[in-house]
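Below is entry.txt, holding compact mmCIF, C-alpha atoms and all ligand atoms.
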```
# COMPACT_ATOMS: atom_id res chain seq x y z
CA MET A 1 6.24 -25.40 19.70
CA SER A 2 8.77 -23.57 21.89
CA PRO A 3 10.54 -20.59 20.30
CA SER A 4 13.82 -22.50 20.25
CA THR A 5 12.29 -25.10 17.94
CA ILE A 6 11.07 -22.61 15.35
CA PRO A 7 13.29 -23.28 12.32
CA PRO A 8 15.15 -20.40 10.64
CA GLY A 9 12.82 -18.57 8.25
CA GLY A 10 9.83 -20.03 10.10
CA GLY A 11 10.17 -23.16 7.96
CA ARG A 12 9.34 -21.20 4.81
CA PRO A 13 11.01 -21.92 1.48
CA VAL A 14 14.34 -20.07 1.29
CA ALA A 15 14.43 -17.73 -1.71
CA VAL A 16 17.66 -17.50 -3.65
CA TYR A 17 16.86 -15.91 -7.01
CA GLY A 18 14.21 -13.82 -8.70
CA ARG A 19 13.59 -12.66 -12.24
CA GLY A 20 10.37 -11.03 -13.35
CA ALA A 21 7.49 -12.66 -11.50
CA ARG A 22 9.43 -15.89 -10.91
CA ILE A 23 11.31 -16.73 -7.71
CA ARG A 24 13.44 -19.83 -7.11
CA ASP A 25 14.17 -21.33 -3.71
CA GLU A 26 17.14 -23.30 -2.39
CA GLN A 27 15.53 -26.59 -3.42
CA GLY A 28 15.18 -25.36 -7.00
CA ARG A 29 11.40 -24.97 -6.68
CA GLU A 30 9.86 -22.17 -8.66
CA PHE A 31 7.19 -19.77 -7.37
CA ILE A 32 5.13 -17.22 -9.24
CA ASP A 33 5.17 -14.03 -7.20
CA GLY A 34 1.43 -13.44 -7.46
CA SER A 35 1.44 -10.77 -4.78
CA SER A 36 4.63 -8.83 -5.69
CA GLY A 37 5.89 -9.70 -2.23
CA ALA A 38 3.85 -7.49 0.07
CA VAL A 39 2.39 -5.71 -3.00
CA CYS A 40 5.60 -3.79 -3.58
CA VAL A 41 7.69 -5.52 -6.27
CA ASN A 42 5.94 -3.53 -9.00
CA LEU A 43 8.66 -3.99 -11.64
CA GLY A 44 9.30 -7.66 -10.98
CA HIS A 45 12.58 -9.02 -9.70
CA GLY A 46 16.03 -8.38 -11.18
CA VAL A 47 15.35 -5.48 -13.55
CA PRO A 48 18.82 -4.66 -15.01
CA GLU A 49 18.25 -0.88 -15.19
CA VAL A 50 17.42 -0.74 -11.47
CA LEU A 51 20.28 -3.05 -10.48
CA ASP A 52 22.71 -0.90 -12.51
CA ALA A 53 21.53 2.28 -10.76
CA LEU A 54 21.79 0.61 -7.35
CA ARG A 55 25.25 -0.77 -8.05
CA SER A 56 26.67 2.39 -9.54
CA GLN A 57 25.34 4.56 -6.69
CA ALA A 58 26.73 2.10 -4.12
CA GLU A 59 30.16 2.39 -5.74
CA ARG A 60 30.10 6.20 -5.50
CA ILE A 61 28.56 7.02 -2.11
CA THR A 62 25.84 5.27 -0.11
CA PHE A 63 25.16 7.75 2.67
CA VAL A 64 25.16 11.43 3.44
CA HIS A 65 22.99 13.01 6.10
CA ARG A 66 20.56 15.59 4.76
CA SER A 67 21.43 18.01 7.59
CA GLN A 68 25.05 18.08 6.42
CA LEU A 69 25.20 17.45 2.68
CA ALA A 70 22.83 17.43 -0.26
CA HIS A 71 22.83 14.77 -2.97
CA ARG A 72 21.78 15.03 -6.60
CA ALA A 73 19.92 11.69 -6.61
CA VAL A 74 17.70 12.91 -3.77
CA ASP A 75 16.99 16.22 -5.55
CA GLU A 76 16.30 14.45 -8.85
CA LEU A 77 13.98 11.99 -7.14
CA SER A 78 12.01 14.86 -5.61
CA THR A 79 11.79 16.55 -9.01
CA GLU A 80 10.57 13.29 -10.58
CA ILE A 81 7.98 12.66 -7.84
CA LEU A 82 6.71 16.25 -7.97
CA SER A 83 6.45 16.11 -11.76
CA ILE A 84 4.30 12.98 -11.41
CA ALA A 85 2.19 14.47 -8.59
CA GLY A 86 1.57 17.81 -10.32
CA ALA A 87 1.38 21.46 -9.34
CA ASP A 88 -0.62 20.89 -6.15
CA TYR A 89 2.47 19.53 -4.34
CA ARG A 90 5.62 21.40 -3.31
CA GLU A 91 7.87 19.14 -1.25
CA VAL A 92 8.73 15.49 -0.68
CA VAL A 93 9.65 14.31 2.82
CA TYR A 94 11.54 11.00 2.80
CA THR A 95 11.28 8.08 5.18
CA ASN A 96 12.36 4.41 5.15
CA SER A 97 8.91 2.85 5.07
CA GLY A 98 5.22 3.44 4.52
CA SER A 99 4.59 3.43 8.28
CA GLU A 100 7.06 6.25 8.77
CA ALA A 101 5.49 8.13 5.86
CA THR A 102 2.13 7.86 7.66
CA GLU A 103 3.76 9.14 10.84
CA THR A 104 5.21 12.02 8.84
CA ALA A 105 1.79 12.95 7.48
CA LEU A 106 0.35 12.87 11.01
CA ARG A 107 3.17 15.04 12.36
CA LEU A 108 2.79 17.53 9.52
CA ALA A 109 -0.97 17.71 10.03
CA LEU A 110 -0.48 18.50 13.73
CA HIS A 111 2.26 21.06 12.97
CA HIS A 112 0.00 22.64 10.36
CA HIS A 113 -2.65 23.38 12.96
CA ALA A 114 -0.29 24.10 15.86
CA ASP A 115 -0.44 27.88 15.54
CA GLY A 116 -4.15 27.98 14.76
CA PRO A 117 -6.98 28.54 17.19
CA GLY A 118 -8.31 25.74 19.42
CA ASP A 119 -7.22 22.14 19.67
CA ARG A 120 -7.14 20.30 16.35
CA SER A 121 -5.71 16.95 17.22
CA VAL A 122 -8.20 14.35 16.01
CA VAL A 123 -7.49 12.28 12.91
CA LEU A 124 -10.51 10.68 11.28
CA THR A 125 -9.71 7.39 9.61
CA GLN A 126 -11.79 4.68 8.09
CA ARG A 127 -12.73 1.20 9.23
CA PRO A 128 -11.25 -1.02 7.88
CA SER A 129 -7.84 0.51 7.27
CA TYR A 130 -4.15 -0.18 7.64
CA HIS A 131 -1.53 2.57 7.76
CA GLY A 132 1.50 0.84 9.27
CA MET A 133 3.02 -0.80 12.34
CA THR A 134 4.72 2.11 14.10
CA ALA A 135 2.74 3.40 17.10
CA GLY A 136 1.28 6.50 15.45
CA ALA A 137 0.43 4.70 12.21
CA LEU A 138 -1.00 1.66 13.96
CA GLY A 139 -2.80 3.99 16.36
CA VAL A 140 -4.83 5.36 13.44
CA SER A 141 -5.36 1.94 11.81
CA ALA A 142 -8.62 0.04 12.20
CA HIS A 143 -6.97 -3.37 11.93
CA PRO A 144 -7.83 -5.23 15.17
CA SER A 145 -5.57 -8.27 14.81
CA ARG A 146 -2.47 -6.12 14.17
CA ARG A 147 -3.31 -4.02 17.29
CA THR A 148 -3.82 -6.99 19.63
CA GLY A 149 -1.84 -6.73 22.87
CA LEU A 150 -0.47 -3.27 22.07
CA ASP A 151 -2.95 -1.08 23.96
CA ALA A 152 -0.26 0.33 26.23
CA LEU A 153 1.67 1.49 23.19
CA LEU A 154 -1.33 2.82 21.31
CA ASP A 155 -3.36 4.54 24.02
CA GLY A 156 -1.18 7.60 24.06
CA SER A 157 -0.99 7.87 20.28
CA THR A 158 -2.78 10.37 18.07
CA ALA A 159 -6.45 10.65 18.91
CA SER A 160 -8.02 8.86 16.01
CA VAL A 161 -11.60 8.03 15.30
CA PRO A 162 -12.23 5.15 12.92
CA VAL A 163 -15.32 6.06 10.92
CA THR A 164 -17.47 2.99 10.37
CA ALA A 165 -20.32 2.35 7.95
CA ALA A 166 -23.59 2.83 9.83
CA ASP A 167 -25.10 0.02 7.80
CA ALA A 168 -23.28 -3.28 8.36
CA ASP A 169 -23.94 -4.33 4.74
CA ARG A 170 -21.69 -1.55 3.44
CA PRO A 171 -17.98 -2.31 3.67
CA LEU A 172 -16.93 1.36 3.88
CA PRO A 173 -18.44 4.50 5.41
CA ASP A 174 -20.43 6.70 3.04
CA LEU A 175 -20.53 10.48 3.03
CA ALA A 176 -23.32 10.60 5.61
CA ASP A 177 -21.15 8.52 7.96
CA TRP A 178 -18.24 10.91 7.48
CA LYS A 179 -20.46 13.95 8.08
CA ALA A 180 -21.81 12.37 11.25
CA ALA A 181 -18.23 11.76 12.44
CA PHE A 182 -17.26 15.41 11.82
CA ASP A 183 -20.38 16.53 13.71
CA GLN A 184 -19.68 14.20 16.59
CA VAL A 185 -16.01 15.10 17.00
CA GLY A 186 -16.53 18.80 16.24
CA HIS A 187 -15.49 20.30 12.92
CA ASP A 188 -12.92 22.52 14.59
CA ARG A 189 -11.21 19.57 16.28
CA VAL A 190 -10.40 17.54 13.16
CA ALA A 191 -6.74 17.89 12.17
CA ALA A 192 -6.96 15.56 9.19
CA VAL A 193 -8.87 12.83 7.45
CA LEU A 194 -6.64 9.91 6.45
CA VAL A 195 -7.94 7.30 4.00
CA GLU A 196 -6.73 4.63 1.60
CA PRO A 197 -8.37 5.36 -1.78
CA ILE A 198 -8.32 1.60 -2.39
CA GLY A 199 -7.68 -0.60 0.61
CA GLY A 200 -5.17 -3.43 0.81
CA ALA A 201 -4.31 -5.55 3.84
CA ALA A 202 -7.39 -4.43 5.80
CA SER A 203 -10.23 -4.26 3.28
CA GLY A 204 -8.94 -6.35 0.36
CA ALA A 205 -9.23 -3.78 -2.45
CA GLU A 206 -12.43 -2.00 -1.38
CA GLU A 207 -12.47 1.34 -3.17
CA ILE A 208 -13.76 4.69 -1.92
CA PRO A 209 -16.21 5.94 -4.56
CA ALA A 210 -15.19 9.16 -6.36
CA GLU A 211 -18.16 11.07 -4.95
CA VAL A 212 -17.15 10.17 -1.39
CA MET A 213 -13.58 11.37 -2.07
CA ARG A 214 -15.00 14.63 -3.45
CA GLY A 215 -17.30 14.93 -0.43
CA LEU A 216 -14.37 14.36 1.94
CA ARG A 217 -12.42 17.10 0.17
CA ALA A 218 -15.36 19.45 0.60
CA LEU A 219 -15.82 18.50 4.28
CA CYS A 220 -12.11 19.12 4.93
CA ASP A 221 -12.23 22.48 3.10
CA GLU A 222 -15.30 23.61 5.06
CA SER A 223 -13.83 22.61 8.41
CA GLY A 224 -10.19 23.55 7.79
CA ALA A 225 -8.95 19.96 8.18
CA LEU A 226 -6.31 18.46 5.90
CA LEU A 227 -7.09 15.56 3.57
CA ALA A 228 -4.38 12.89 3.59
CA VAL A 229 -4.43 9.78 1.42
CA ASP A 230 -2.42 6.65 2.05
CA GLU A 231 -1.09 5.52 -1.33
CA VAL A 232 1.57 3.22 0.11
CA MET A 233 0.06 0.23 -1.68
CA THR A 234 -1.75 1.99 -4.53
CA GLY A 235 0.84 4.58 -5.54
CA PHE A 236 3.18 4.65 -8.54
CA GLY A 237 1.06 2.64 -10.95
CA ARG A 238 -0.29 -0.32 -9.00
CA ALA A 239 -3.94 0.65 -9.40
CA GLY A 240 -3.70 1.56 -13.09
CA ALA A 241 -2.78 5.23 -12.62
CA TRP A 242 0.16 7.00 -11.00
CA PHE A 243 -2.02 7.51 -7.94
CA ALA A 244 -5.37 5.95 -7.08
CA HIS A 245 -6.81 9.25 -5.85
CA LEU A 246 -6.64 10.54 -9.44
CA GLY A 247 -9.84 8.55 -9.99
CA SER A 248 -11.65 11.52 -8.44
CA ASP A 249 -10.88 15.22 -8.85
CA ALA A 250 -10.24 15.59 -5.12
CA ARG A 251 -6.60 16.55 -4.58
CA PRO A 252 -5.34 15.57 -1.12
CA ASP A 253 -3.07 17.84 0.94
CA LEU A 254 -0.76 14.99 1.93
CA VAL A 255 0.03 11.81 0.00
CA VAL A 256 1.65 8.95 1.90
CA THR A 257 3.77 6.59 -0.23
CA GLY A 258 6.18 3.67 0.10
CA LYS A 259 6.26 0.17 -1.41
CA GLY A 260 6.12 0.86 -5.19
CA LEU A 261 8.35 3.92 -4.86
CA SER A 262 11.34 1.59 -4.87
CA ALA A 263 9.48 -1.52 -6.07
CA GLY A 264 11.08 -3.46 -3.23
CA TYR A 265 14.66 -2.82 -4.36
CA THR A 266 15.48 -0.75 -1.28
CA PRO A 267 13.64 0.61 1.76
CA ILE A 268 12.16 4.06 1.13
CA GLY A 269 8.91 5.90 1.74
CA ALA A 270 7.84 9.48 1.18
CA CYS A 271 5.17 11.95 2.15
CA LEU A 272 4.16 14.42 -0.56
CA VAL A 273 3.30 17.82 0.85
CA GLY A 274 0.62 19.95 -0.78
CA THR A 275 1.06 23.65 -1.51
CA ARG A 276 -1.49 24.58 1.15
CA VAL A 277 0.29 22.72 3.96
CA LEU A 278 2.62 24.74 6.19
CA PRO A 279 3.21 27.38 3.49
CA GLY A 280 6.66 28.91 3.49
CA ARG A 281 8.07 26.32 5.88
CA SER A 282 10.31 23.32 5.23
CA ALA A 283 8.22 20.23 5.90
CA THR A 284 11.40 18.14 5.83
CA GLU A 285 12.87 20.11 8.72
CA LEU A 286 9.61 20.16 10.68
CA ALA A 287 9.04 16.43 10.24
CA PHE A 288 12.63 15.86 11.42
CA GLY A 289 12.85 12.36 9.97
CA HIS A 290 15.16 9.43 10.56
CA THR A 291 18.88 8.83 10.14
CA MET A 292 18.50 7.00 6.83
CA SER A 293 15.68 9.19 5.43
CA GLY A 294 16.56 10.31 1.92
CA ASN A 295 19.84 8.43 1.65
CA PRO A 296 21.51 8.51 -1.78
CA LEU A 297 21.42 4.74 -2.32
CA SER A 298 17.66 4.48 -1.83
CA ALA A 299 17.06 7.70 -3.76
CA ALA A 300 19.09 6.60 -6.82
CA THR A 301 17.32 3.25 -6.79
CA ALA A 302 13.85 4.79 -6.50
CA LEU A 303 14.71 7.24 -9.27
CA ALA A 304 15.60 4.33 -11.57
CA VAL A 305 12.33 2.61 -10.59
CA LEU A 306 10.20 5.67 -11.40
CA ARG A 307 12.01 6.27 -14.70
CA TYR A 308 11.46 2.64 -15.68
CA THR A 309 7.81 2.92 -14.65
CA ARG A 310 7.38 6.03 -16.81
CA GLU A 311 9.34 4.74 -19.83
CA HIS A 312 7.48 1.43 -19.87
CA ARG A 313 4.10 3.08 -19.20
CA LEU A 314 3.46 0.71 -16.34
CA PRO A 315 0.38 2.48 -14.92
CA GLU A 316 -1.38 2.03 -18.30
CA ARG A 317 -0.08 -1.52 -18.51
CA ALA A 318 -1.45 -2.27 -15.04
CA ARG A 319 -4.84 -0.98 -16.15
CA ARG A 320 -4.90 -3.11 -19.30
CA VAL A 321 -3.43 -6.30 -17.85
CA GLY A 322 -5.45 -5.83 -14.65
CA GLY A 323 -8.65 -5.66 -16.70
CA GLU A 324 -7.78 -8.96 -18.40
CA LEU A 325 -6.78 -10.60 -15.12
CA HIS A 326 -9.99 -9.40 -13.48
CA GLY A 327 -11.99 -11.21 -16.18
CA ARG A 328 -9.98 -14.42 -15.82
CA LEU A 329 -10.30 -14.34 -12.01
CA SER A 330 -14.01 -13.77 -12.33
CA ALA A 331 -14.33 -16.90 -14.47
CA ILE A 332 -12.34 -18.93 -11.95
CA ALA A 333 -14.26 -17.52 -8.96
CA ALA A 334 -17.56 -18.53 -10.55
CA ARG A 335 -16.49 -22.18 -10.24
CA TYR A 336 -15.87 -22.07 -6.48
CA ARG A 337 -18.81 -21.44 -4.18
CA PHE A 338 -16.51 -20.04 -1.49
CA LEU A 339 -15.29 -17.18 -3.72
CA GLY A 340 -17.05 -13.93 -4.59
CA GLU A 341 -16.72 -11.66 -7.61
CA PRO A 342 -13.22 -10.15 -7.72
CA ARG A 343 -12.84 -6.49 -6.83
CA GLY A 344 -10.14 -3.89 -7.23
CA ARG A 345 -8.54 -1.82 -9.92
CA GLY A 346 -5.47 -2.16 -12.13
CA LEU A 347 -3.25 -4.86 -10.68
CA LEU A 348 -4.57 -4.41 -7.15
CA LEU A 349 -7.15 -7.18 -7.27
CA ALA A 350 -8.75 -9.22 -4.52
CA LEU A 351 -10.68 -12.45 -4.54
CA PRO A 352 -13.30 -12.17 -1.78
CA VAL A 353 -13.45 -15.34 0.29
CA LEU A 354 -17.02 -15.96 1.34
CA GLN A 355 -16.69 -17.00 4.94
CA ASP A 356 -16.77 -20.73 5.16
CA ALA A 357 -19.09 -22.72 7.20
CA ALA A 358 -15.57 -23.33 8.32
CA GLY A 359 -15.19 -19.92 9.93
CA HIS A 360 -14.93 -22.05 13.04
CA ARG A 361 -11.73 -23.69 11.86
CA GLU A 362 -8.39 -22.69 13.29
CA GLU A 363 -7.04 -21.23 10.07
CA PRO A 364 -9.21 -18.78 8.12
CA LEU A 365 -10.07 -19.87 4.59
CA ASN A 366 -8.07 -17.11 2.91
CA ARG A 367 -4.94 -18.30 4.71
CA ARG A 368 -5.63 -21.88 3.74
CA ILE A 369 -5.94 -20.76 0.11
CA CYS A 370 -2.57 -18.99 0.39
CA SER A 371 -0.97 -22.12 1.89
CA ALA A 372 -2.41 -24.31 -0.87
CA ALA A 373 -1.17 -21.78 -3.43
CA GLU A 374 2.33 -21.89 -1.98
CA ALA A 375 2.28 -25.68 -2.25
CA ALA A 376 1.28 -25.24 -5.90
CA GLY A 377 4.14 -22.79 -6.52
CA LEU A 378 2.24 -19.51 -6.22
CA ILE A 379 2.66 -16.74 -3.65
CA LEU A 380 -0.48 -14.81 -2.67
CA TYR A 381 -1.29 -12.37 0.15
CA PRO A 382 -4.20 -12.85 2.59
CA ALA A 383 -6.21 -9.72 3.42
CA GLY A 384 -9.22 -8.58 5.45
CA ILE A 385 -10.05 -7.88 9.07
CA ASP A 386 -13.36 -9.73 9.40
CA ARG A 387 -15.74 -12.08 7.64
CA ALA A 388 -16.95 -9.33 5.31
CA THR A 389 -13.49 -8.34 4.10
CA GLN A 390 -11.72 -11.72 4.16
CA SER A 391 -9.98 -12.07 0.80
CA VAL A 392 -6.85 -13.02 -1.09
CA LEU A 393 -4.92 -10.30 -2.90
CA VAL A 394 -3.85 -11.14 -6.45
CA THR A 395 -1.32 -8.47 -7.27
CA PRO A 396 1.47 -9.64 -9.59
CA PRO A 397 4.19 -7.23 -10.78
CA LEU A 398 2.97 -4.58 -13.24
CA THR A 399 5.42 -6.13 -15.72
CA VAL A 400 3.89 -9.62 -15.51
CA ASP A 401 4.05 -11.33 -18.91
CA ASP A 402 1.66 -13.77 -20.60
CA SER A 403 3.49 -16.94 -19.59
CA GLU A 404 3.77 -15.80 -15.94
CA LEU A 405 0.06 -14.94 -15.93
CA GLU A 406 -0.90 -18.31 -17.38
CA ASP A 407 1.19 -20.08 -14.73
CA LEU A 408 -0.32 -17.89 -12.01
CA LEU A 409 -3.86 -18.78 -13.07
CA THR A 410 -3.15 -22.49 -13.52
CA ARG A 411 -1.54 -22.74 -10.08
CA LEU A 412 -4.32 -20.68 -8.49
CA ASP A 413 -6.94 -22.97 -9.99
CA SER A 414 -5.15 -26.04 -8.77
CA ALA A 415 -4.78 -24.57 -5.23
CA LEU A 416 -8.48 -23.69 -5.17
CA ALA A 417 -9.39 -27.18 -6.32
CA THR A 418 -7.34 -28.61 -3.44
CA VAL A 419 -9.07 -26.33 -0.93
CA GLY A 420 -12.44 -27.02 -2.54
CA ARG A 421 -12.09 -30.76 -1.92
CA THR A 422 -12.03 -30.12 1.83
CA GLU A 423 -14.90 -27.64 1.85
C1 LIG B 501 -1.87 1.18 2.82
C2 LIG B 501 -0.64 0.93 3.63
N1 LIG B 501 -0.16 1.91 4.40
C3 LIG B 501 0.96 1.75 5.13
C4 LIG B 501 1.65 0.56 5.12
C5 LIG B 501 2.90 0.40 5.94
O1 LIG B 501 4.01 0.38 5.10
P1 LIG B 501 5.37 -0.32 5.60
O2 LIG B 501 5.07 -1.76 5.79
O3 LIG B 501 6.34 -0.04 4.50
O4 LIG B 501 5.77 0.35 6.86
C6 LIG B 501 1.18 -0.50 4.33
C7 LIG B 501 1.89 -1.79 4.31
O5 LIG B 501 1.35 -2.82 3.99
C8 LIG B 501 0.01 -0.31 3.56
O6 LIG B 501 -0.48 -1.28 2.78
```

Structure rendered as structure tokens:
Amino acid sequence: MSPSTIPPGGGRPVAVYGRGARIRDEQGREFIDGSSGAVCVNLGHGVPEVLDALRSQAERITFVHRSQLAHRAVDELSTEILSIAGADYREVVYTNSGSEATETALRLALHHHADGPGDRSVVLTQRPSYHGMTAGALGVSAHPSRRTGLDALLDGSTASVPVTAADADRPLPDLADWKAAFDQVGHDRVAAVLVEPIGGAASGAEEIPAEVMRGLRALCDESGALLAVDEVMTGFGRAGAWFAHLGSDARPDLVVTGKGLSAGYTPIGACLVGTRVLPGRSATELAFGHTMSGNPLSAATALAVLRYTREHRLPERARRVGGELHGRLSAIAARYRFLGEPRGRGLLLALPVLQDAAGHREEPLNRRICSAAEAAGLILYPAGIDRATQSVLVTPPLTVDDSELEDLLTRLDSALATVGRTE
């Protein structure tokens, strides 16, 4: 098909309205948003409290530049985020996306070591991982298909070493793998370790065990490297706690956030800066940022999102509802030989797709499941970078109610049955 024949919207249904986990398209068809968009619409669509905050901020002032004027919504958002993150963090640097928040963490890590001895410029990351599409963030991501054709852009980016499990049966590196990577690179050359506590697009909800997180903290402390966690997908309640790294007692130096910070109501990301990073210096000024970083409209909206999340105890709700959904998905998966036992935490769940005999087909099985789901009125998100991680994310809004959940499961079952007939 030539580019000129690609229909507007790529031929996808055209969304016109959303409430809760339900979206309606131009034809009047209804979809259950079983993935919260790209795992960001944590509160569901059309929450009146958030829309009111957005509208009333828009009517007062939408933009001031942080180098010229301050704004109360931005200050209040920082206070709210820091009160959630706790005493180990001192500053919030704003961006417009998770990718930019990753870039910010990388820049801060390099600045942190700039005046120290030697050359600390290597960032250790994990395979699989995904940290964003901007050059620096993609440069440290072990997501081959998203890097394809971009070598010229990525070669000059941050020196990153994706740490891989030595044993192909393990999806993620263990502590011995991480130690070997530190030894190989040189402990005094590592600027930072950057990991997703629970993976999303790349690993399909594989979780770093608490003892590995603790071990990484210790390795970073011994070597002087910073520990950065990417909580773009997991942060602000998605994984059943405010942050997924709270599952271990390892406190990172930098926390990268996005998505759930505004629950999809406006573009915003943020990097939380720990007390030990660049002490006495303004991380916001050092990171420099972007024109729209920390604009009042996004800040007021995110503030309303976080207040709603706190008032409605959505992290706890995600844990409880996620536990129930995990059980229901497990029962469904047991009936399809091409599905494995679900994994994940809270409402960040993944159905592993056991690679089909049909790995040879043009479209991977997880994508075919997502297409069949869409035809059944359910939106899901395909994940994974290889046969071992191929999966479908099931990540409805943290507010999902019983009737939405029942519809999600019924439509999922019917999509799987359709796919199963061709397997
Ligand atoms: C873990 C993780 N980090 C970073 C990003 C990039 O965020 P954004 O798409 O907002 O730039 C994503 C997006 O999917 C993500 O899941």

Subject >> For Ala105 in chain A: contacts at 8 Å, only C-alpha atoms, fewer than 4 positions along chain excluded, given as a VMD selection string >> reply: chain A and resid 101 109 228 254 to 256 271

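Of note, CA of Leu278 in chain A and CA of Leu82 in chain A are spaced 17.0 Å apart.
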
**OP:** Determine the nearest neighbour of ligand LIG 501 (chain B) from the options A:Cys40, A:Ala373, A:Val321, A:Leu405, counting all atoms listed in the file.
**Re:** A:Cys40

Subject >> Which of A:Met233, A:Ala239, A:Ala135, A:Ile332 sits closest to Lys259 in chain A [using all atoms listed in the file] >> reply: A:Met233

Original post:
Counting only C-alpha atoms and all ligand atoms, what residues are within 6 Å of ligand LIG 501 (chain B), given as a list in words?
Top reply: Ser97, Gly98, Ser99, Tyr130, His131, Gly132, Gly200, Ala201, Asp230, Val232, Met233, Gly258 and Lys259 of chain A

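Minimum atom-to-atom distance to Arg60 in chain A, evaluated using only C-alpha atoms, belongs to A:Pro296 out of A:Asp386, A:Arg328, A:Leu314, A:Pro296.
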
Quick one: everything within 10 Å of Ala300 in chain A, counting only C-alpha atoms, minus sequence neighbours fewer than 3 positions away in the same chain. Send it as a PDB file with C-alpha atoms, in the coordinates of the input.
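New file out_23.pdb:
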```pdb
ATOM      1  CA  VAL A  50      17.420  -0.740 -11.470  1.00  0.00           C
ATOM      2  CA  ALA A  53      21.530   2.280 -10.760  1.00  0.00           C
ATOM      3  CA  LEU A  54      21.790   0.610  -7.350  1.00  0.00           C
ATOM      4  CA  ARG A  55      25.250  -0.770  -8.050  1.00  0.00           C
ATOM      5  CA  SER A  56      26.670   2.390  -9.540  1.00  0.00           C
ATOM      6  CA  GLN A  57      25.340   4.560  -6.690  1.00  0.00           C
ATOM      7  CA  ALA A  58      26.730   2.100  -4.120  1.00  0.00           C
ATOM      8  CA  THR A  62      25.840   5.270  -0.110  1.00  0.00           C
ATOM      9  CA  HIS A  71      22.830  14.770  -2.970  1.00  0.00           C
ATOM     10  CA  ARG A  72      21.780  15.030  -6.600  1.00  0.00           C
ATOM     11  CA  ALA A  73      19.920  11.690  -6.610  1.00  0.00           C
ATOM     12  CA  VAL A  74      17.700  12.910  -3.770  1.00  0.00           C
ATOM     13  CA  ASP A  75      16.990  16.220  -5.550  1.00  0.00           C
ATOM     14  CA  GLU A  76      16.300  14.450  -8.850  1.00  0.00           C
ATOM     15  CA  LEU A  77      13.980  11.990  -7.140  1.00  0.00           C
ATOM     16  CA  SER A 262      11.340   1.590  -4.870  1.00  0.00           C
ATOM     17  CA  THR A 266      15.480  -0.750  -1.280  1.00  0.00           C
ATOM     18  CA  GLY A 294      16.560  10.310   1.920  1.00  0.00           C
ATOM     19  CA  ASN A 295      19.840   8.430   1.650  1.00  0.00           C
ATOM     20  CA  PRO A 296      21.510   8.510  -1.780  1.00  0.00           C
ATOM     21  CA  LEU A 297      21.420   4.740  -2.320  1.00  0.00           C
ATOM     22  CA  LEU A 303      14.710   7.240  -9.270  1.00  0.00           C
ATOM     23  CA  ALA A 304      15.600   4.330 -11.570  1.00  0.00           C
ATOM     24  CA  VAL A 305      12.330   2.610 -10.590  1.00  0.00           C
TER      25      VAL A 305
END
```

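Between Leu43 in chain A and the candidates A:Ile6, A:Ala180, A:Ala21, A:Ala137, the tightest atom-to-atom separation, counting all atoms listed in the file, involves A:Ala21.
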
**OP:** Could you please determine the separation between CA of Glu100 in chain A and CA of Arg120 in chain A in Å, to one decimal place?
**Re:** 21.4 Å

Subject >> Residue among A:Ala202, A:Ala375, A:Leu306, A:Leu150 lying closest to Arg387 in chain A, counting all atoms listed in the file >> reply: A:Ala202

Rebuild range 49-58 of chain A to N, CA and C atoms - output it as a PDB file, in the coordinates of the input, please.
```pdb
ATOM      1  N   GLU A  49      18.091  -2.337 -15.319  1.00  0.00           N
ATOM      2  CA  GLU A  49      18.250  -0.880 -15.190  1.00  0.00           C
ATOM      3  C   GLU A  49      18.287  -0.450 -13.718  1.00  0.00           C
ATOM      4  N   VAL A  50      17.460  -1.108 -12.893  1.00  0.00           N
ATOM      5  CA  VAL A  50      17.420  -0.740 -11.470  1.00  0.00           C
ATOM      6  C   VAL A  50      18.676  -1.253 -10.774  1.00  0.00           C
ATOM      7  N   LEU A  51      19.070  -2.488 -11.107  1.00  0.00           N
ATOM      8  CA  LEU A  51      20.280  -3.050 -10.480  1.00  0.00           C
ATOM      9  C   LEU A  51      21.503  -2.223 -10.847  1.00  0.00           C
ATOM     10  N   ASP A  52      21.578  -1.743 -12.102  1.00  0.00           N
ATOM     11  CA  ASP A  52      22.710  -0.900 -12.510  1.00  0.00           C
ATOM     12  C   ASP A  52      22.764   0.377 -11.684  1.00  0.00           C
ATOM     13  N   ALA A  53      21.575   1.009 -11.513  1.00  0.00           N
ATOM     14  CA  ALA A  53      21.530   2.280 -10.760  1.00  0.00           C
ATOM     15  C   ALA A  53      21.955   2.038  -9.312  1.00  0.00           C
ATOM     16  N   LEU A  54      21.475   0.938  -8.752  1.00  0.00           N
ATOM     17  CA  LEU A  54      21.790   0.610  -7.350  1.00  0.00           C
ATOM     18  C   LEU A  54      23.297   0.385  -7.187  1.00  0.00           C
ATOM     19  N   ARG A  55      23.829  -0.416  -8.128  1.00  0.00           N
ATOM     20  CA  ARG A  55      25.250  -0.770  -8.050  1.00  0.00           C
ATOM     21  C   ARG A  55      26.125   0.467  -8.240  1.00  0.00           C
ATOM     22  N   SER A  56      25.774   1.278  -9.255  1.00  0.00           N
ATOM     23  CA  SER A  56      26.670   2.390  -9.540  1.00  0.00           C
ATOM     24  C   SER A  56      26.580   3.447  -8.433  1.00  0.00           C
ATOM     25  N   GLN A  57      25.406   3.625  -7.824  1.00  0.00           N
ATOM     26  CA  GLN A  57      25.340   4.560  -6.690  1.00  0.00           C
ATOM     27  C   GLN A  57      26.136   4.008  -5.506  1.00  0.00           C
ATOM     28  N   ALA A  58      26.011   2.701  -5.265  1.00  0.00           N
ATOM     29  CA  ALA A  58      26.730   2.100  -4.120  1.00  0.00           C
ATOM     30  C   ALA A  58      28.235   2.288  -4.280  1.00  0.00           C
TER      31      ALA A  58
END
```
